[in-house]
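Structure, as structure tokens:
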6 protein chains.
Amino acid sequence: MRVGVPAEIKPGEHRVGLTPTAVREYVDRGHEVLVESGAGLGAGYNDEAFIRAGARIAPDADAVFQGSQLIIKVKEPQKVEWERLKPDHILFTYLHLAPDPAQTEGLLASGAAAIAYETVTDARGGLPLLAPMSEVAGRIAVFSAAETLLKHNGGMGLLLCGVPGVPPARVAVLGGGVVGMNAARMAMGLNAEVVVLERSIPRMRELDDIFMGRVLTRYSTLDAVEEEILKADVVIGAVLTAGAAAP
Amino acid sequence: MRVGVPAEIKPGEHRVGLTPTAVREYVDRGHEVLVESGAGLGAGYNDEAFIRAGARIAPDADAVFQGSQLIIKVKEPQKVEWERLKPDHILFTYLHLAPDPAQTEGLLASGAAAIAYETVTDARGGLPLLAPMSEVAGRIAVFSAAETLLKHNGGMGLLLCGVPGVPPARVAVLGGGVVGMNAARMAMGLNAEVVVLERSIPRMRELDDIFMGRVLTRYSTLDAVEEEILKADVVIGAVLTAGAAAP
Amino acid sequence: MRVGVPAEIKPGEHRVGLTPTAVREYVDRGHEVLVESGAGLGAGYNDEAFIRAGARIAPDADAVFQGSQLIIKVKEPQKVEWERLKPDHILFTYLHLAPDPAQTEGLLASGAAAIAYETVTDARGGLPLLAPMSEVAGRIAVFSAAETLLKHNGGMGLLLCGVPGVPPARVAVLGGGVVGMNAARMAMGLNAEVVVLERSIPRMRELDDIFMGRVLTRYSTLDAVEEEILKADVVIGAVLTAGAAAP
Amino acid sequence: MRVGVPAEIKPGEHRVGLTPTAVREYVDRGHEVLVESGAGLGAGYNDEAFIRAGARIAPDADAVFQGSQLIIKVKEPQKVEWERLKPDHILFTYLHLAPDPAQTEGLLASGAAAIAYETVTDARGGLPLLAPMSEVAGRIAVFSAAETLLKHNGGMGLLLCGVPGVPPARVAVLGGGVVGMNAARMAMGLNAEVVVLERSIPRMRELDDIFMGRVLTRYSTLDAVEEEILKADVVIGAVLTAGAAAP
Amino acid sequence: MRVGVPAEIKPGEHRVGLTPTAVREYVDRGHEVLVESGAGLGAGYNDEAFIRAGARIAPDADAVFQGSQLIIKVKEPQKVEWERLKPDHILFTYLHLAPDPAQTEGLLASGAAAIAYETVTDARGGLPLLAPMSEVAGRIAVFSAAETLLKHNGGMGLLLCGVPGVPPARVAVLGGGVVGMNAARMAMGLNAEVVVLERSIPRMRELDDIFMGRVLTRYSTLDAVEEEILKADVVIGAVLTAGAAAP
Amino acid sequence: MRVGVPAEIKPGEHRVGLTPTAVREYVDRGHEVLVESGAGLGAGYNDEAFIRAGARIAPDADAVFQGSQLIIKVKEPQKVEWERLKPDHILFTYLHLAPDPAQTEGLLASGAAAIAYETVTDARGGLPLLAPMSEVAGRIAVFSAAETLLKHNGGMGLLLCGVPGVPPARVAVLGGGVVGMNAARMAMGLNAEVVVLERSIPRMRELDDIFMGRVLTRYSTLDAVEEEILKADVVIGAVLTAGAAAP
């Protein structure tokens, strides 16, 4: 298959659809990969790195779209991108169509097949392409909270991890899914007192086995949420609202 | 040396000054050991076990005292015992003289050398013969507390260890010495939330290294003690009041 | 739906079908909850607590049964209770019908739909309403055993947790299901040497991953059971005999 | 003793010499405490909190200095402060005299006794009043590094903690003293690969016992430092340069 | 059923199809077991042990085959063995037919039902009779590697476990299945730096939960494999090539 | 100072007195280092590596001895070596004089100052140059035992680490010093059941804190040693007999 990787053009996006390492995997399996010149610069890869991995370099996005069947991106296509799509294109990227009717109509009009990373489900009903984003989010949440609590960052001057003689912060995590579990784990790693509020008892049992009681689990009732939020120094929201995920 | 082991006669005392295993160590180093017949029964050792270990059996306490230089006991001597002591006896046992002037005067009058286990100090100022009792006390405190909290034992119907979805009890340990550390460790092992209040910061640092943050440490001020006792479901007193230890 | 919570009347039962926290969840979802006056006292909740949670208080059990569609209890209905049931009632409680033909016939005669907590199964064949009772049972078993082993409780004078220099008790757990795993975990937490005997190798693999080898697992043959019971200081039975569970 | 707590006046300093909790300890032991009005506001304590703890409030710094024997501060005195000191004052605060001859001369001229927190040593040669600052510094270093590595903070776009399938950052800690050990512990808690370079083998043995091999230790030679810095994504300097500590 | 256990005859094989413990399980369930005299000697069991377990002893292999319906062995049958099989025999053993057409034809010609341990699958698609062999293999690989690295065994003179001040070896495990996970766990237990390369992200998530970040996981691309092999001191192959397993 | 490193000549010795990394440390502090050509080959360092580190290369041992004040070696000097020593030489190496009167007299006759690594003591009475050897010995003991227990190595066919369903070996470690603690730690890491026999209760307390009960400690009496050796599958001797250490 001919695979194309255009540069990301949404402001603030530094990632690229395929790294050179990923390109090499495609090429090794017999596919051709076409990368827009400079597409990897934001992520630290120059064209030479893609060439060494077996890709060819295209001078611009038009050349990538015209020369490829499968377009691999990170962010949802912008107007100039969906206008380049043809009926024989397959687009593979995050889409987040719910709040974006213009994009939805643009994609429909293009006739291309568009597959959203965030909706791919596996055999057990999991979201394999969303989960890594959830892991990242849950983990960052904790050390960013620790940083934010410091006085010089405008926080209340609290040390999330405590020191001997000074207890740590109490962190309440709302939801024990992928985000919540990863947040709980990092908060535990930074020595915080951690409580996870969750509605699934089997899931709490799993968390209890993994954390061996080092993280408290509490059945999430209205009473429990109110009490724990009042006791907590840090509250991390980790509930999946269907359709709203924005990695 | 001739070592004598009389049966303990204080009500409720089941222990014996030397077990057969300990007797064997003495005999192996060339000492003679004389054990009162039946002295080990409360601890599960019959005379035969002492004989196999190399002891001789004396028919009664009088014979033990008359045939020995070093008398090894568990509890402080009762009146009938201190009256058997002569000036060439060495008595080695718990004494707890402070609240017991009659015993004190009896020992002085006997002329014997009496060494109290609870006052033996080592090179670092520790109490090596008291510490094991403190370990035992700190450990038992926790599971006895867990048992006591149950409804059918007259408790408040709380499960110290919690279960997934139901947080465990909060255990406040006053003092981070040998008793406190052992209590904290068992409470942690039963999954409780544990806080140790302590006045020595270096000691809290040691506890923090040992427990890797799994047990909270808090500098013990009046404010801290008041707050933690109010938050706790179980309070374990683990402060050494000099002279008052009663193993 | 109209939900009714009568006071428990079986001797020795202190629990109540719904706590105020649970009542609030029902009310929040649009149900009406009717609680018998005083039903929560044994568990520490007065009528006022139920009212704050959104319940109404009924003066007696008759009023609860007459005013409700779904009756939520803890223990199996007593004669006076099943006689109050009508064909349009749903009864939700532990039933344990197997050894209790009188109750079985009473329920059949009432025409009510009776759902036993202990027989509710989930998608994986688990027993979600029995499992928490098993967790509680497995955990209590350990510290009650520790307490029972003490001399002053009539035990053999053994310290389950040991101390440095004195090895702990050896605990054999027959069965590695929910009860057994929870017992093993608490026994491990109290420092005991623990072996779990189990017939499912995949389950032993799970236990080995969770406990990282800190708990021994042994395939449960006749030979293994005989050997381990002889070596053990404490034996905890944790085998589910179908139909016999009595939380 | 009459103890005085003036407000801190060095820019950016939000702390206060004594918290209300500490005031209460002094008062409980029979001392009088005089706090400058508003001294605790930066740390979240109003005058009322100090009064409840037993302090009296002084209207300004002059009143505090005139009414006290022991002055307790956080930061080194500013010119206006050392000019208030008299020969019968004791000043207890961080001084950092080495780079600050003006302050040194001012203190000498005042005739007061000035004790620098950072130079107080304990019986083992440790620095008990500096160590907590070192603990704080070592712990903050890690989560601030994690935050700094993120792309949106101008970092290289690296997740210190990794996620499954993506290894974490490698953190090299130069020095295994209080700062280094605390940094290593937090980095380990955030899942990083951590190596501590240290010149004392007994200290590395202690770290190895505490971290059970989870943190690598490496004897700090020129070769080792060069190699590890090149392999590391994060380098944390944790070497005490005598006299240079600036908490 | 009549169960027969012939002695293993393949050179170097010391095991036996059933141990006395296993025999007892069969007999307890009402089966008859016939064991060839001397079959257990290589594994440390004499005939008497089998008799105590309830087996009868047959003088030779012919008698075992003639007197049994189900033949239980360890290794694939040798020519003399498959020639003893009749159409009403069931043979249960490792077969490894792929590279062994002579055996395959011999078994087909015999008319017996032959079930290979290595192909039995469970409800989840696992290989329950192969997995224990994989566990053994993965675990042994690590300490045999440690032994092999020593100078006096012809290795490079590297201590897999390191000591304080000298980092341990880096162990790369190719594949995170049963073999790989067991190898990683033992390598971790010996203090090594461990990285597991694996293609399944959900599996790496499981490993990350089990090892709590103590073992690195890395998505297995060509780049990753090349880099990790170059960095590693020990490489453990743990990839299942379908049909090639040879326990 | 002029430092000389001759090649080791005792059969079977592959080490070298200084590695290039160590040479660089000497040179950086202003010393001159003279290395015999080829001295590092057994340990994997060629002359070029020493030159890069700042050493000069001497053609033979005579040149090294003649050009140096401090001779740094690994093994005790052989006859040809001690004959090269002059009164102004300092020799720094392992000596093990006790069983070796010829060497002792040779060294005395040479007039050189000879310092044995194995007798250097630190401020606490420890043996800092012997301890790393003890760590190495204690760690190797465990995986070499694991390897030795395998059938194909002539062992009893026991898997030290066990697998789920098959308990691991029981390892008794005689002595809880540096060797014993390191052996216990590795045996624990390989999942064995481990008991350490030790005579110092404070030391057992330290081990108990470090291993958190994962390793059993038992006071070492004659009874205890006999019982534990009979129960053990592996016995590791880790008692320091003064003067007998042979690294």
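As shown in the structure tokens, the chain order sets the letters A, B, ...; within each chain, residues go from 1, and ligands are also counted from 1 in the order they appear.
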Per residue of chain E within 12 Å of chain F, record the nearest atom pair and its distance in Å to one decimal, counting only C-alpha atoms, with rows in chain order and ascending residue number, as JSON lines.
```
{"residue": "E:Gly12", "atom": "CA", "partner": "F:His152", "partner_atom": "CA", "distance": 8.6}
{"residue": "E:Glu13", "atom": "CA", "partner": "F:His152", "partner_atom": "CA", "distance": 10.0}
{"residue": "E:His14", "atom": "CA", "partner": "F:Lys151", "partner_atom": "CA", "distance": 8.4}
{"residue": "E:Arg15", "atom": "CA", "partner": "F:Gly157", "partner_atom": "CA", "distance": 9.7}
{"residue": "E:Gly42", "atom": "CA", "partner": "F:Gly157", "partner_atom": "CA", "distance": 9.8}
{"residue": "E:Ala43", "atom": "CA", "partner": "F:Gly157", "partner_atom": "CA", "distance": 7.9}
{"residue": "E:Gly44", "atom": "CA", "partner": "F:Met156", "partner_atom": "CA", "distance": 8.6}
{"residue": "E:Ala131", "atom": "CA", "partner": "F:Val163", "partner_atom": "CA", "distance": 10.4}
{"residue": "E:Pro132", "atom": "CA", "partner": "F:Val163", "partner_atom": "CA", "distance": 7.3}
{"residue": "E:Met133", "atom": "CA", "partner": "F:Val163", "partner_atom": "CA", "distance": 9.5}
{"residue": "E:Ser134", "atom": "CA", "partner": "F:Val163", "partner_atom": "CA", "distance": 10.0}
{"residue": "E:Glu135", "atom": "CA", "partner": "F:Val163", "partner_atom": "CA", "distance": 6.6}
{"residue": "E:Val136", "atom": "CA", "partner": "F:Val163", "partner_atom": "CA", "distance": 6.8}
{"residue": "E:Ala137", "atom": "CA", "partner": "F:Val163", "partner_atom": "CA", "distance": 10.4}
{"residue": "E:Gly138", "atom": "CA", "partner": "F:Val163", "partner_atom": "CA", "distance": 10.3}
{"residue": "E:Arg139", "atom": "CA", "partner": "F:Cys161", "partner_atom": "CA", "distance": 7.4}
{"residue": "E:Ile140", "atom": "CA", "partner": "F:Glu147", "partner_atom": "CA", "distance": 8.0}
{"residue": "E:Ala141", "atom": "CA", "partner": "F:Glu147", "partner_atom": "CA", "distance": 10.0}
{"residue": "E:Val142", "atom": "CA", "partner": "F:Phe143", "partner_atom": "CA", "distance": 8.9}
{"residue": "E:Phe143", "atom": "CA", "partner": "F:Phe143", "partner_atom": "CA", "distance": 5.4}
{"residue": "E:Ser144", "atom": "CA", "partner": "F:Glu147", "partner_atom": "CA", "distance": 6.1}
{"residue": "E:Ala145", "atom": "CA", "partner": "F:Phe143", "partner_atom": "CA", "distance": 9.4}
{"residue": "E:Ala146", "atom": "CA", "partner": "F:Phe143", "partner_atom": "CA", "distance": 7.0}
{"residue": "E:Glu147", "atom": "CA", "partner": "F:Ser144", "partner_atom": "CA", "distance": 6.2}
{"residue": "E:Thr148", "atom": "CA", "partner": "F:Ser144", "partner_atom": "CA", "distance": 9.7}
{"residue": "E:Leu149", "atom": "CA", "partner": "F:Ile140", "partner_atom": "CA", "distance": 11.0}
{"residue": "E:Leu150", "atom": "CA", "partner": "F:Ile140", "partner_atom": "CA", "distance": 9.2}
{"residue": "E:Lys151", "atom": "CA", "partner": "F:His14", "partner_atom": "CA", "distance": 8.3}
{"residue": "E:His152", "atom": "CA", "partner": "F:Gly12", "partner_atom": "CA", "distance": 8.6}
{"residue": "E:Asn153", "atom": "CA", "partner": "F:Ser144", "partner_atom": "CA", "distance": 11.0}
{"residue": "E:Gly154", "atom": "CA", "partner": "F:His14", "partner_atom": "CA", "distance": 11.7}
{"residue": "E:Gly155", "atom": "CA", "partner": "F:Ala43", "partner_atom": "CA", "distance": 11.4}
{"residue": "E:Met156", "atom": "CA", "partner": "F:Gly44", "partner_atom": "CA", "distance": 8.6}
{"residue": "E:Gly157", "atom": "CA", "partner": "F:Ala43", "partner_atom": "CA", "distance": 7.9}
{"residue": "E:Leu158", "atom": "CA", "partner": "F:Ala43", "partner_atom": "CA", "distance": 10.3}
{"residue": "E:Leu159", "atom": "CA", "partner": "F:Val136", "partner_atom": "CA", "distance": 8.0}
{"residue": "E:Leu160", "atom": "CA", "partner": "F:Ile140", "partner_atom": "CA", "distance": 9.1}
{"residue": "E:Cys161", "atom": "CA", "partner": "F:Arg139", "partner_atom": "CA", "distance": 7.4}
{"residue": "E:Gly162", "atom": "CA", "partner": "F:Val136", "partner_atom": "CA", "distance": 8.0}
{"residue": "E:Val163", "atom": "CA", "partner": "F:Glu135", "partner_atom": "CA", "distance": 6.6}
{"residue": "E:Pro164", "atom": "CA", "partner": "F:Pro132", "partner_atom": "CA", "distance": 8.1}
{"residue": "E:Gly165", "atom": "CA", "partner": "F:Pro132", "partner_atom": "CA", "distance": 9.3}
{"residue": "E:Val166", "atom": "CA", "partner": "F:Pro132", "partner_atom": "CA", "distance": 9.9}
{"residue": "E:Pro168", "atom": "CA", "partner": "F:Val136", "partner_atom": "CA", "distance": 11.6}
{"residue": "E:Val178", "atom": "CA", "partner": "F:Val163", "partner_atom": "CA", "distance": 11.5}
{"residue": "E:Val179", "atom": "CA", "partner": "F:Val163", "partner_atom": "CA", "distance": 11.8}
{"residue": "E:Asn182", "atom": "CA", "partner": "F:Val163", "partner_atom": "CA", "distance": 9.2}
{"residue": "E:Ala183", "atom": "CA", "partner": "F:Leu190", "partner_atom": "CA", "distance": 10.5}
{"residue": "E:Ala184", "atom": "CA", "partner": "F:Leu190", "partner_atom": "CA", "distance": 11.2}
{"residue": "E:Arg185", "atom": "CA", "partner": "F:Leu190", "partner_atom": "CA", "distance": 8.4}
{"residue": "E:Met186", "atom": "CA", "partner": "F:Leu190", "partner_atom": "CA", "distance": 5.7}
{"residue": "E:Ala187", "atom": "CA", "partner": "F:Leu190", "partner_atom": "CA", "distance": 8.4}
{"residue": "E:Met188", "atom": "CA", "partner": "F:Gly189", "partner_atom": "CA", "distance": 7.4}
{"residue": "E:Gly189", "atom": "CA", "partner": "F:Gly189", "partner_atom": "CA", "distance": 3.6}
{"residue": "E:Leu190", "atom": "CA", "partner": "F:Gly189", "partner_atom": "CA", "distance": 5.6}
{"residue": "E:Asn191", "atom": "CA", "partner": "F:Gly189", "partner_atom": "CA", "distance": 7.8}
{"residue": "E:Ala192", "atom": "CA", "partner": "F:Gly189", "partner_atom": "CA", "distance": 10.6}
```
Give the strand (DSSP E) residues of chain A, as DSSP finds them on the backbone, and put them as a VMD selection string. chain A and resid 2 to 5 32 to 36 56 to 58 70 to 72 90 to 93 113 to 116 170 to 174 193 to 198 216 to 219 234 to 237
May I have the residues within 10 Å of region 100-108 of chain E as a VMD selection string, using only C-alpha atoms and disregarding those fewer than 6 positions away in the same chain? chain E and resid 76 to 79 81 to 83 85 to 87 91 114
For the selection you just gave me, I'd like the residues written to a file as a PDB file, in the first residue's frame, keeping N, CA, C and O atoms.
```pdb
ATOM      1  N   GLU E  76       7.979 -37.762  23.466  1.00  0.00           N
ATOM      2  CA  GLU E  76       7.343 -38.384  22.299  1.00  0.00           C
ATOM      3  C   GLU E  76       7.739 -39.861  22.259  1.00  0.00           C
ATOM      4  O   GLU E  76       8.852 -40.234  22.622  1.00  0.00           O
ATOM      5  N   PRO E  77       6.828 -40.717  21.814  1.00  0.00           N
ATOM      6  CA  PRO E  77       7.126 -42.153  21.786  1.00  0.00           C
ATOM      7  C   PRO E  77       8.254 -42.456  20.796  1.00  0.00           C
ATOM      8  O   PRO E  77       8.351 -41.847  19.729  1.00  0.00           O
ATOM      9  N   GLN E  78       9.100 -43.371  21.199  1.00  0.00           N
ATOM     10  CA  GLN E  78      10.145 -43.872  20.309  1.00  0.00           C
ATOM     11  C   GLN E  78       9.546 -45.023  19.483  1.00  0.00           C
ATOM     12  O   GLN E  78       8.446 -45.479  19.734  1.00  0.00           O
ATOM     13  N   LYS E  79      10.273 -45.485  18.494  1.00  0.00           N
ATOM     14  CA  LYS E  79       9.734 -46.490  17.555  1.00  0.00           C
ATOM     15  C   LYS E  79       9.178 -47.690  18.319  1.00  0.00           C
ATOM     16  O   LYS E  79       8.052 -48.136  18.071  1.00  0.00           O
ATOM     17  N   GLU E  81       8.033 -47.843  21.114  1.00  0.00           N
ATOM     18  CA  GLU E  81       6.825 -47.504  21.871  1.00  0.00           C
ATOM     19  C   GLU E  81       5.602 -47.395  20.968  1.00  0.00           C
ATOM     20  O   GLU E  81       4.531 -47.899  21.288  1.00  0.00           O
ATOM     21  N   TRP E  82       5.771 -46.693  19.811  1.00  0.00           N
ATOM     22  CA  TRP E  82       4.555 -46.549  19.001  1.00  0.00           C
ATOM     23  C   TRP E  82       4.132 -47.887  18.405  1.00  0.00           C
ATOM     24  O   TRP E  82       2.965 -48.077  18.088  1.00  0.00           O
ATOM     25  N   GLU E  83       5.084 -48.799  18.304  1.00  0.00           N
ATOM     26  CA  GLU E  83       4.706 -50.118  17.803  1.00  0.00           C
ATOM     27  C   GLU E  83       3.884 -50.908  18.825  1.00  0.00           C
ATOM     28  O   GLU E  83       3.242 -51.885  18.470  1.00  0.00           O
ATOM     29  N   LEU E  85       1.443 -49.502  20.471  1.00  0.00           N
ATOM     30  CA  LEU E  85       0.114 -48.877  20.568  1.00  0.00           C
ATOM     31  C   LEU E  85      -0.916 -49.613  19.730  1.00  0.00           C
ATOM     32  O   LEU E  85      -0.631 -50.035  18.597  1.00  0.00           O
ATOM     33  N   LYS E  86      -2.130 -49.750  20.280  1.00  0.00           N
ATOM     34  CA  LYS E  86      -3.238 -50.391  19.578  1.00  0.00           C
ATOM     35  C   LYS E  86      -4.339 -49.345  19.363  1.00  0.00           C
ATOM     36  O   LYS E  86      -4.358 -48.302  20.021  1.00  0.00           O
ATOM     37  N   PRO E  87      -5.325 -49.658  18.511  1.00  0.00           N
ATOM     38  CA  PRO E  87      -6.391 -48.671  18.236  1.00  0.00           C
ATOM     39  C   PRO E  87      -7.182 -48.236  19.465  1.00  0.00           C
ATOM     40  O   PRO E  87      -7.717 -47.132  19.474  1.00  0.00           O
ATOM     41  N   LEU E  91      -2.940 -42.076  23.924  1.00  0.00           N
ATOM     42  CA  LEU E  91      -1.579 -41.699  24.345  1.00  0.00           C
ATOM     43  C   LEU E  91      -1.581 -40.220  24.702  1.00  0.00           C
ATOM     44  O   LEU E  91      -2.059 -39.387  23.935  1.00  0.00           O
ATOM     45  N   ALA E 114      -3.828 -40.045  19.897  1.00  0.00           N
ATOM     46  CA  ALA E 114      -2.640 -39.450  20.532  1.00  0.00           C
ATOM     47  C   ALA E 114      -2.897 -37.970  20.747  1.00  0.00           C
ATOM     48  O   ALA E 114      -3.211 -37.246  19.803  1.00  0.00           O
TER      49      ALA E 114
END
```
Interatomic distance between CA of Glu198 (chain F) and CA of Ser220 (chain F)? 4.9 Å
Go through region 99-230 of chain E and collect every residue that DSSP, computed from the backbone, puts in helix (DSSP H, G or I); the answer should be as an NGL selection string. :E and (101-110 or 117-119 or 131-148 or 151-153 or 178-189 or 201-211 or 222-230)
Convert the current residue selection to file output with C-alpha atoms, as a PDB file, in the first residue's frame.
```
ATOM      1  CA  PRO E 101       7.378 -37.650  10.081  1.00  0.00           C
ATOM      2  CA  ALA E 102       8.421 -41.159  11.121  1.00  0.00           C
ATOM      3  CA  GLN E 103       6.697 -40.806  14.465  1.00  0.00           C
ATOM      4  CA  THR E 104       3.675 -39.194  12.802  1.00  0.00           C
ATOM      5  CA  GLU E 105       3.243 -42.114  10.441  1.00  0.00           C
ATOM      6  CA  GLY E 106       3.869 -44.606  13.198  1.00  0.00           C
ATOM      7  CA  LEU E 107       1.146 -43.062  15.332  1.00  0.00           C
ATOM      8  CA  LEU E 108      -1.290 -42.933  12.411  1.00  0.00           C
ATOM      9  CA  ALA E 109      -0.581 -46.558  11.632  1.00  0.00           C
ATOM     10  CA  SER E 110      -1.187 -47.591  15.224  1.00  0.00           C
ATOM     11  CA  TYR E 117       0.406 -31.835  25.639  1.00  0.00           C
ATOM     12  CA  GLU E 118       1.811 -28.933  23.665  1.00  0.00           C
ATOM     13  CA  THR E 119      -1.345 -28.490  21.580  1.00  0.00           C
ATOM     14  CA  ALA E 131       2.802 -22.817  30.064  1.00  0.00           C
ATOM     15  CA  PRO E 132       4.497 -24.468  33.057  1.00  0.00           C
ATOM     16  CA  MET E 133       7.376 -25.493  30.795  1.00  0.00           C
ATOM     17  CA  SER E 134       7.575 -21.890  29.633  1.00  0.00           C
ATOM     18  CA  GLU E 135       7.662 -20.685  33.208  1.00  0.00           C
ATOM     19  CA  VAL E 136      10.469 -23.074  33.989  1.00  0.00           C
ATOM     20  CA  ALA E 137      12.381 -22.092  30.866  1.00  0.00           C
ATOM     21  CA  GLY E 138      12.025 -18.366  31.464  1.00  0.00           C
ATOM     22  CA  ARG E 139      13.158 -18.654  35.045  1.00  0.00           C
ATOM     23  CA  ILE E 140      16.117 -20.927  34.433  1.00  0.00           C
ATOM     24  CA  ALA E 141      17.304 -18.726  31.562  1.00  0.00           C
ATOM     25  CA  VAL E 142      18.151 -15.954  33.971  1.00  0.00           C
ATOM     26  CA  PHE E 143      20.231 -17.710  36.552  1.00  0.00           C
ATOM     27  CA  SER E 144      21.940 -19.795  33.904  1.00  0.00           C
ATOM     28  CA  ALA E 145      22.812 -16.549  32.137  1.00  0.00           C
ATOM     29  CA  ALA E 146      24.138 -15.135  35.402  1.00  0.00           C
ATOM     30  CA  GLU E 147      26.286 -18.222  35.861  1.00  0.00           C
ATOM     31  CA  THR E 148      27.496 -18.139  32.260  1.00  0.00           C
ATOM     32  CA  LYS E 151      34.830 -15.452  34.084  1.00  0.00           C
ATOM     33  CA  HIS E 152      35.498 -18.942  35.384  1.00  0.00           C
ATOM     34  CA  ASN E 153      32.671 -20.246  33.209  1.00  0.00           C
ATOM     35  CA  VAL E 178       4.938 -16.557  29.621  1.00  0.00           C
ATOM     36  CA  VAL E 179       8.632 -17.184  29.020  1.00  0.00           C
ATOM     37  CA  GLY E 180       9.480 -13.508  28.789  1.00  0.00           C
ATOM     38  CA  MET E 181       7.560 -12.447  31.821  1.00  0.00           C
ATOM     39  CA  ASN E 182       9.091 -15.152  33.958  1.00  0.00           C
ATOM     40  CA  ALA E 183      12.551 -14.289  32.714  1.00  0.00           C
ATOM     41  CA  ALA E 184      11.952 -10.604  33.397  1.00  0.00           C
ATOM     42  CA  ARG E 185      10.783 -11.370  36.893  1.00  0.00           C
ATOM     43  CA  MET E 186      13.820 -13.415  37.810  1.00  0.00           C
ATOM     44  CA  ALA E 187      16.175 -10.884  36.214  1.00  0.00           C
ATOM     45  CA  MET E 188      14.484  -8.186  38.240  1.00  0.00           C
ATOM     46  CA  GLY E 189      14.853 -10.375  41.325  1.00  0.00           C
ATOM     47  CA  ILE E 201       0.424  -2.957  24.036  1.00  0.00           C
ATOM     48  CA  PRO E 202      -2.248  -4.495  26.312  1.00  0.00           C
ATOM     49  CA  ARG E 203       0.300  -7.107  27.359  1.00  0.00           C
ATOM     50  CA  MET E 204       2.876  -4.438  28.131  1.00  0.00           C
ATOM     51  CA  ARG E 205       0.246  -2.698  30.231  1.00  0.00           C
ATOM     52  CA  GLU E 206      -0.259  -5.910  32.196  1.00  0.00           C
ATOM     53  CA  LEU E 207       3.478  -6.273  32.693  1.00  0.00           C
ATOM     54  CA  ASP E 208       3.720  -2.664  33.779  1.00  0.00           C
ATOM     55  CA  ASP E 209       0.984  -3.213  36.372  1.00  0.00           C
ATOM     56  CA  ILE E 210       2.607  -6.372  37.665  1.00  0.00           C
ATOM     57  CA  PHE E 211       6.148  -5.009  37.791  1.00  0.00           C
ATOM     58  CA  LEU E 222      13.103  -3.253  14.211  1.00  0.00           C
ATOM     59  CA  ASP E 223      14.776  -0.114  15.550  1.00  0.00           C
ATOM     60  CA  ALA E 224      13.976  -1.024  19.143  1.00  0.00           C
ATOM     61  CA  VAL E 225      15.268  -4.572  18.805  1.00  0.00           C
ATOM     62  CA  GLU E 226      18.509  -3.396  17.236  1.00  0.00           C
ATOM     63  CA  GLU E 227      19.099  -0.730  19.848  1.00  0.00           C
ATOM     64  CA  GLU E 228      18.283  -2.901  22.815  1.00  0.00           C
ATOM     65  CA  ILE E 229      20.355  -5.839  21.698  1.00  0.00           C
ATOM     66  CA  LEU E 230      23.341  -3.547  21.303  1.00  0.00           C
TER      67      LEU E 230
END
```
